[in-house]
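Trainee: One structure, pasted below without further comment.
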Amino acid sequence: MKKRAPRNRTLNCDALEMASLSTELLTLSGPVCLDALVDRVVNQDLGDALPFLPTGFVDLLILDPPYNLTKNYNGHVFRSREADEYIDWFRQTLLALLPLLRPQASLYVCSDWKTSSLIFPILDGHLHVRNRITWERDKGRGAKTNWKNNTEDIWFCTVGDDYCFNVDDVKLKRRVIAPYRSEDGKPKDWQESQNGNYRLTHPSNIWSDITIPFWSMPENTDHPTQKPEKLIAKLVLASSKPGDFLFDPFLGSGTTAVVARKLGRRFCGVELNREYCCWAKKRLLQAKTDKSIQGYADGVFWERNSLSDQKTQKEPSIF
């Protein structure tokens, strides 16, 4: 284990935890029924697990595949490929996943700016592409000979025209700088409080309120491409209902599963790396007693850096 600074809250597992949590992981060797997958983490190569999964059981698919970059996932290296080769790999992966989806299912596909253009034609050819979300990734090094790359994309797709979208569950609470008032002086489309003036706004496809997990946040792990719980929570609340089944075929350190548990959804995730699986299991145990999601409080999402306001209102902290 890495030696941490005293205030570093990055989650990890020692040898005893690894041994204990590993016993709870699932490996598929034959067809399984849906009940056997509920709230389980499958420690297996996706290609080996897929033939044994039931068809038509997924209400929401969160697909965060390796981008077309060379990246070391704790000893499992995914190497950058020629564009045509990556396109073929992604197409095969998507086609293998489509039979798992219900007719009313939605899916969100994560990508960076380079892979985004490669995967769009494939998604558009097999699904209804509804939108492209671009979110600000407030982390990373600057560039001396180029613009700093601090955004990623998420493609919102559905199987058909009948799908779930809960717009009221994903509104963003924004501070009102120059509030309008009606003729009688009352707030117009905003709320006035001792802690400031706020408006609940409809969600757009540009997200600037996401904070990447870092060392002082309890959700942080050493996974190199970990997605924030707040980001996944928006997808889950928008495109699923309590009790729906979420599936993440590249589970990583478990964020989709953790958010699903906190928000009352069923889930299953597949992850090749055993240590990542154990991190996911440890986070899931913590989520049984701690349902908080950074940046989400009182049924709404808050702007980034609104810590002082939420402290005053006795709500969970936002960094």
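We name chains A, B, ... following the order of the structure tokens; residues begin at 1 in each chain, and ligands are numbered from 1 as shown.
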From the DSSP assignment of the backbone, select every residue of stretch 40-168 of chain A that is strand (DSSP E), and format the answer as an mmCIF file with C-alpha atoms, in the first residue's frame.
Mentor:
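Output saved as result_7.cif:
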data_model
loop_
_atom_site.group_PDB
_atom_site.id
_atom_site.type_symbol
_atom_site.label_atom_id
_atom_site.label_comp_id
_atom_site.auth_asym_id
_atom_site.auth_seq_id
_atom_site.Cartn_x
_atom_site.Cartn_y
_atom_site.Cartn_z
ATOM 1 C CA ARG A 40 -23.024 -8.159 -7.520
ATOM 2 C CA VAL A 41 -19.531 -7.346 -8.757
ATOM 3 C CA VAL A 42 -18.242 -9.745 -11.414
ATOM 4 C CA ASN A 43 -14.452 -10.102 -11.446
ATOM 5 C CA VAL A 58 -30.788 -3.776 -18.235
ATOM 6 C CA ASP A 59 -32.782 -0.560 -17.735
ATOM 7 C CA LEU A 60 -29.743 1.725 -17.779
ATOM 8 C CA LEU A 61 -26.298 0.973 -19.175
ATOM 9 C CA ILE A 62 -23.355 3.125 -18.088
ATOM 10 C CA LEU A 63 -20.602 2.458 -20.602
ATOM 11 C CA LYS A 71 -3.337 3.686 -20.049
ATOM 12 C CA ASN A 72 -2.158 1.356 -17.301
ATOM 13 C CA TYR A 73 -5.074 0.032 -15.271
ATOM 14 C CA HIS A 76 -3.654 -4.223 -17.288
ATOM 15 C CA VAL A 77 -2.465 -1.947 -20.094
ATOM 16 C CA PHE A 78 -4.902 -0.747 -22.741
ATOM 17 C CA LEU A 101 -30.956 -3.965 -22.918
ATOM 18 C CA ARG A 102 -34.687 -3.722 -22.364
ATOM 19 C CA PRO A 103 -36.733 -2.033 -25.136
ATOM 20 C CA GLN A 104 -37.158 1.073 -22.938
ATOM 21 C CA ALA A 105 -33.508 1.186 -21.849
ATOM 22 C CA SER A 106 -31.171 4.156 -21.990
ATOM 23 C CA LEU A 107 -27.406 4.180 -22.136
ATOM 24 C CA TYR A 108 -24.683 6.726 -21.572
ATOM 25 C CA VAL A 109 -21.318 6.327 -23.281
ATOM 26 C CA CYS A 110 -18.275 8.204 -21.978
ATOM 27 C CA SER A 111 -15.477 9.405 -24.243
ATOM 28 C CA HIS A 128 -31.244 6.748 -30.980
ATOM 29 C CA VAL A 129 -28.629 9.343 -30.044
ATOM 30 C CA ARG A 130 -30.475 11.969 -27.998
ATOM 31 C CA ASN A 131 -27.696 14.330 -26.983
ATOM 32 C CA ARG A 132 -24.022 14.832 -26.266
ATOM 33 C CA ILE A 133 -23.172 16.020 -22.775
ATOM 34 C CA THR A 134 -19.881 17.864 -22.378
ATOM 35 C CA TRP A 135 -18.598 18.170 -18.849
ATOM 36 C CA GLU A 136 -15.728 20.173 -17.447
ATOM 37 C CA THR A 151 -13.584 18.378 -21.025
ATOM 38 C CA GLU A 152 -15.035 14.959 -21.730
ATOM 39 C CA ASP A 153 -18.165 13.835 -23.559
ATOM 40 C CA ILE A 154 -21.041 11.555 -22.618
ATOM 41 C CA TRP A 155 -23.360 10.364 -25.383
ATOM 42 C CA PHE A 156 -26.985 9.952 -24.275
ATOM 43 C CA CYS A 157 -28.700 7.194 -26.267
ATOM 44 C CA THR A 158 -31.900 5.175 -26.054
#
Trainee: Go through A:Pro51, A:Gly142, A:Gly56, A:Gly243 and flag the residue nearest A:Ala260, using only C-alpha atoms for the distances.
Mentor: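 Among the listed residues, A:Gly243 lies closest to A:Ala260.
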Trainee: Give me, as a PyMOL selection string, all polymer residues having an atom no more than 10 Å from A:Ile119, counting only C-alpha atoms and skipping those fewer than 2 positions away in the same chain.
Mentor: chain A and resi 86-88+90-91+94+109-111+114-117+121-124+155
Trainee: Atoms to include: N, CA and C atoms. Write the selected residues as a tab-separated table (two decimals), in the first residue's frame.
Mentor:
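part.tsv was written with the following content:
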chain	number	residue	atom	x	y	z
A	86	TYR	N	-9.63	0.80	-33.32
A	86	TYR	CA	-10.44	1.16	-32.15
A	86	TYR	C	-11.92	1.13	-32.49
A	87	ILE	N	-12.27	1.62	-33.67
A	87	ILE	CA	-13.67	1.59	-34.11
A	87	ILE	C	-14.20	0.16	-34.13
A	88	ASP	N	-13.41	-0.76	-34.68
A	88	ASP	CA	-13.83	-2.17	-34.72
A	88	ASP	C	-14.00	-2.72	-33.31
A	90	PHE	N	-14.67	-1.07	-30.52
A	90	PHE	CA	-15.84	-0.48	-29.87
A	90	PHE	C	-17.13	-1.05	-30.46
A	91	ARG	N	-17.17	-1.22	-31.78
A	91	ARG	CA	-18.37	-1.75	-32.41
A	91	ARG	C	-18.68	-3.16	-31.88
A	94	LEU	N	-20.02	-2.88	-28.29
A	94	LEU	CA	-21.39	-2.38	-28.24
A	94	LEU	C	-22.39	-3.44	-28.71
A	109	VAL	N	-22.63	6.80	-22.84
A	109	VAL	CA	-21.32	6.33	-23.28
A	109	VAL	C	-20.30	7.45	-23.10
A	110	CYS	N	-19.29	7.19	-22.28
A	110	CYS	CA	-18.28	8.20	-21.98
A	110	CYS	C	-17.16	8.17	-23.02
A	111	SER	N	-16.58	9.33	-23.28
A	111	SER	CA	-15.48	9.40	-24.24
A	111	SER	C	-14.71	10.70	-24.05
A	114	LYS	N	-11.14	12.87	-28.68
A	114	LYS	CA	-10.66	12.11	-29.84
A	114	LYS	C	-11.56	10.91	-30.14
A	115	THR	N	-11.89	10.15	-29.11
A	115	THR	CA	-12.70	8.95	-29.36
A	115	THR	C	-14.16	9.30	-29.60
A	116	SER	N	-14.58	10.48	-29.19
A	116	SER	CA	-15.98	10.87	-29.36
A	116	SER	C	-16.40	10.83	-30.82
A	117	SER	N	-15.55	11.34	-31.69
A	117	SER	CA	-15.88	11.34	-33.13
A	117	SER	C	-15.82	9.95	-33.73
A	121	PRO	N	-20.63	7.58	-34.99
A	121	PRO	CA	-21.32	6.88	-36.09
A	121	PRO	C	-21.81	5.49	-35.71
A	122	ILE	N	-21.10	4.81	-34.83
A	122	ILE	CA	-21.51	3.48	-34.40
A	122	ILE	C	-22.77	3.58	-33.55
A	123	LEU	N	-22.77	4.50	-32.59
A	123	LEU	CA	-23.94	4.70	-31.75
A	123	LEU	C	-25.14	5.11	-32.59
A	124	ASP	N	-24.91	6.02	-33.52
A	124	ASP	CA	-26.00	6.53	-34.35
A	124	ASP	C	-26.56	5.44	-35.27
A	155	TRP	N	-22.29	10.49	-24.41
A	155	TRP	CA	-23.36	10.36	-25.38
A	155	TRP	C	-24.58	9.75	-24.71
Trainee: Could you pull out the residues in stretch 231-277 of chain A that DSSP calls helix (DSSP H, G or I) from the backbone, as a VMD selection string?
Mentor: chain A and resid 231 to 239 255 to 262 274 to 277
Trainee: As number ranges by chain, please: the residues near stretch 281-285 of chain A (cut-off 10 Å, only C-alpha atoms, same-chain neighbours under 5 positions excluded).
Mentor: A: 11-13, 17-18, 21-22, 24-25, 39-41, 218-221, 253-255, 257-262, 275-276, 290
Trainee: Those selected residues, please, written with N, CA and C atoms and delivered as a compact mmCIF listing (two decimals), in the first residue's frame.
Mentor:
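The result, stored in selection_34.txt:
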# COMPACT_ATOMS: atom_id res chain seq x y z
N LEU A 11 -9.29 5.91 -0.70
CA LEU A 11 -9.68 4.56 -0.29
C LEU A 11 -8.73 3.51 -0.87
N ASN A 12 -8.35 2.55 -0.06
CA ASN A 12 -7.58 1.41 -0.55
C ASN A 12 -7.89 0.20 0.33
N CYS A 13 -7.31 -0.94 0.00
CA CYS A 13 -7.53 -2.17 0.76
C CYS A 13 -6.20 -2.79 1.16
N GLU A 17 -8.12 -7.19 3.92
CA GLU A 17 -9.36 -6.76 3.28
C GLU A 17 -9.49 -7.37 1.89
N MET A 18 -8.38 -7.40 1.16
CA MET A 18 -8.40 -8.00 -0.18
C MET A 18 -8.83 -9.46 -0.09
N LEU A 21 -12.70 -9.52 0.94
CA LEU A 21 -13.61 -8.99 -0.07
C LEU A 21 -13.59 -9.82 -1.35
N SER A 22 -12.47 -10.43 -1.66
CA SER A 22 -12.36 -11.25 -2.87
C SER A 22 -13.33 -12.42 -2.85
N GLU A 24 -16.28 -12.41 -2.00
CA GLU A 24 -17.63 -11.95 -2.34
C GLU A 24 -17.79 -11.63 -3.82
N LEU A 25 -16.71 -11.77 -4.59
CA LEU A 25 -16.77 -11.45 -6.01
C LEU A 25 -17.33 -12.64 -6.79
N ASP A 39 -26.97 -6.67 -7.44
CA ASP A 39 -26.01 -6.05 -6.51
C ASP A 39 -24.71 -6.83 -6.40
N ARG A 40 -24.26 -7.37 -7.52
CA ARG A 40 -23.02 -8.16 -7.52
C ARG A 40 -21.95 -7.50 -8.37
N VAL A 41 -20.71 -7.77 -8.00
CA VAL A 41 -19.53 -7.35 -8.76
C VAL A 41 -18.91 -8.59 -9.37
N PRO A 218 -13.56 11.20 0.40
CA PRO A 218 -13.62 9.77 0.74
C PRO A 218 -13.95 8.87 -0.44
N GLU A 219 -14.52 9.41 -1.52
CA GLU A 219 -14.82 8.57 -2.68
C GLU A 219 -13.59 8.35 -3.56
N ASN A 220 -12.51 9.04 -3.28
CA ASN A 220 -11.32 8.97 -4.14
C ASN A 220 -10.62 7.62 -4.03
N THR A 221 -10.16 7.10 -5.17
CA THR A 221 -9.32 5.92 -5.23
C THR A 221 -8.14 6.21 -6.15
N SER A 253 -13.44 1.24 -10.25
CA SER A 253 -13.43 1.24 -8.79
C SER A 253 -14.83 1.29 -8.20
N GLY A 254 -15.86 1.16 -9.05
CA GLY A 254 -17.20 0.89 -8.53
C GLY A 254 -18.16 2.06 -8.43
N THR A 255 -17.86 3.19 -9.04
CA THR A 255 -18.70 4.37 -8.84
C THR A 255 -20.16 4.14 -9.24
N ALA A 257 -21.89 1.36 -9.29
CA ALA A 257 -22.53 0.50 -8.30
C ALA A 257 -22.81 1.25 -7.01
N VAL A 258 -21.87 2.05 -6.57
CA VAL A 258 -22.03 2.81 -5.32
C VAL A 258 -23.20 3.79 -5.44
N VAL A 259 -23.24 4.51 -6.55
CA VAL A 259 -24.33 5.48 -6.75
C VAL A 259 -25.67 4.76 -6.85
N ALA A 260 -25.69 3.63 -7.54
CA ALA A 260 -26.93 2.85 -7.63
C ALA A 260 -27.43 2.46 -6.25
N ARG A 261 -26.55 1.99 -5.39
CA ARG A 261 -26.95 1.62 -4.03
C ARG A 261 -27.47 2.83 -3.27
N LYS A 262 -26.78 3.95 -3.37
CA LYS A 262 -27.19 5.14 -2.63
C LYS A 262 -28.54 5.67 -3.10
N GLU A 275 -8.14 -5.97 -7.67
CA GLU A 275 -8.01 -4.92 -6.65
C GLU A 275 -9.08 -3.85 -6.84
N TYR A 276 -9.35 -3.46 -8.09
CA TYR A 276 -10.43 -2.51 -8.33
C TYR A 276 -11.75 -3.06 -7.81
N ASP A 290 -23.68 5.36 4.58
CA ASP A 290 -23.45 6.75 4.15
C ASP A 290 -24.03 6.92 2.75
Trainee: Quick one: residues within 9 Å of A:His202, only C-alpha atoms, excluding same-chain residues fewer than 2 positions away - as a list of chain:residue names?
Mentor: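 Neighbouring residues, sequence-local ones excluded: A:Val167, A:Asp168, A:Val170, A:Lys171, A:Leu172, A:Leu200, A:Ser204.
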Trainee: Export N, CA and C atoms of the chosen residues as a compact mmCIF listing (two decimals), in the first residue's frame?
Mentor:
# COMPACT_ATOMS: atom_id res chain seq x y z
N VAL A 167 -36.73 14.86 -15.60
CA VAL A 167 -36.08 16.17 -15.65
C VAL A 167 -36.10 16.85 -14.29
N ASP A 168 -37.18 16.67 -13.50
CA ASP A 168 -37.25 17.34 -12.21
C ASP A 168 -36.26 16.80 -11.19
N VAL A 170 -33.09 16.20 -11.78
CA VAL A 170 -31.71 16.57 -12.10
C VAL A 170 -31.56 18.07 -12.32
N LYS A 171 -32.39 18.83 -11.66
CA LYS A 171 -32.25 20.28 -11.76
C LYS A 171 -31.05 20.76 -10.96
N LEU A 172 -30.49 21.88 -11.38
CA LEU A 172 -29.29 22.43 -10.76
C LEU A 172 -29.66 23.71 -10.01
N LEU A 200 -33.75 27.12 -9.37
CA LEU A 200 -33.61 25.77 -9.88
C LEU A 200 -33.70 25.83 -11.40
N SER A 204 -28.83 21.24 -18.60
CA SER A 204 -28.39 21.40 -19.98
C SER A 204 -27.37 20.32 -20.31
Trainee: Identify, on the basis of only C-alpha atoms, every residue whose closest approach to A:Leu46 does not exceed 12 Å; exclude the query and any residue fewer than 5 positions from it along the same chain; express the result as a list in words.
Mentor: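 In the requested format, the answer is Thr27, Leu28, Val41, Pro51, Phe52, Leu53, Pro65, Gln92, Thr93, Leu94, Ala96, Leu97, Asp248, Pro249, Phe250, Leu251, Gly269, Val270, Glu271, Leu272 and Asn273 of chain A.
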Trainee: How would the residues just chosen look if you wrote them out with C-alpha atoms as a PDB file, in the first residue's frame?
Mentor:
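The resulting file, out.pdb, is reproduced below:
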ATOM      1  CA  THR A  27     -17.085 -15.243 -11.646  1.00  0.00           C
ATOM      2  CA  LEU A  28     -19.428 -16.633 -14.292  1.00  0.00           C
ATOM      3  CA  VAL A  41     -19.531  -7.346  -8.757  1.00  0.00           C
ATOM      4  CA  PRO A  51     -22.136 -15.131 -22.994  1.00  0.00           C
ATOM      5  CA  PHE A  52     -23.533 -16.079 -19.583  1.00  0.00           C
ATOM      6  CA  LEU A  53     -25.596 -12.941 -18.922  1.00  0.00           C
ATOM      7  CA  PRO A  65     -14.827   2.008 -21.908  1.00  0.00           C
ATOM      8  CA  GLN A  92     -17.870  -5.351 -31.310  1.00  0.00           C
ATOM      9  CA  THR A  93     -18.197  -4.341 -27.658  1.00  0.00           C
ATOM     10  CA  LEU A  94     -21.392  -2.379 -28.243  1.00  0.00           C
ATOM     11  CA  ALA A  96     -22.301  -7.650 -27.650  1.00  0.00           C
ATOM     12  CA  LEU A  97     -23.984  -5.417 -25.055  1.00  0.00           C
ATOM     13  CA  ASP A 248     -21.670  -1.204 -15.914  1.00  0.00           C
ATOM     14  CA  PRO A 249     -19.443  -3.495 -18.015  1.00  0.00           C
ATOM     15  CA  PHE A 250     -16.260  -1.528 -17.161  1.00  0.00           C
ATOM     16  CA  LEU A 251     -16.926  -0.998 -13.467  1.00  0.00           C
ATOM     17  CA  GLY A 269     -20.798  -4.477 -12.745  1.00  0.00           C
ATOM     18  CA  VAL A 270     -18.009  -6.347 -14.502  1.00  0.00           C
ATOM     19  CA  GLU A 271     -14.365  -5.540 -13.821  1.00  0.00           C
ATOM     20  CA  LEU A 272     -11.219  -7.437 -14.792  1.00  0.00           C
ATOM     21  CA  ASN A 273      -8.859  -6.116 -12.106  1.00  0.00           C
TER      22      ASN A 273
END
Trainee: Tell me which protein, DNA and RNA residues are within 8 Å of A:Leu34, counting only C-alpha atoms, leaving out same-chain ones fewer than 3 positions away, and put them as a ChimeraX atom specification.
Mentor: /A:37-38,54,57
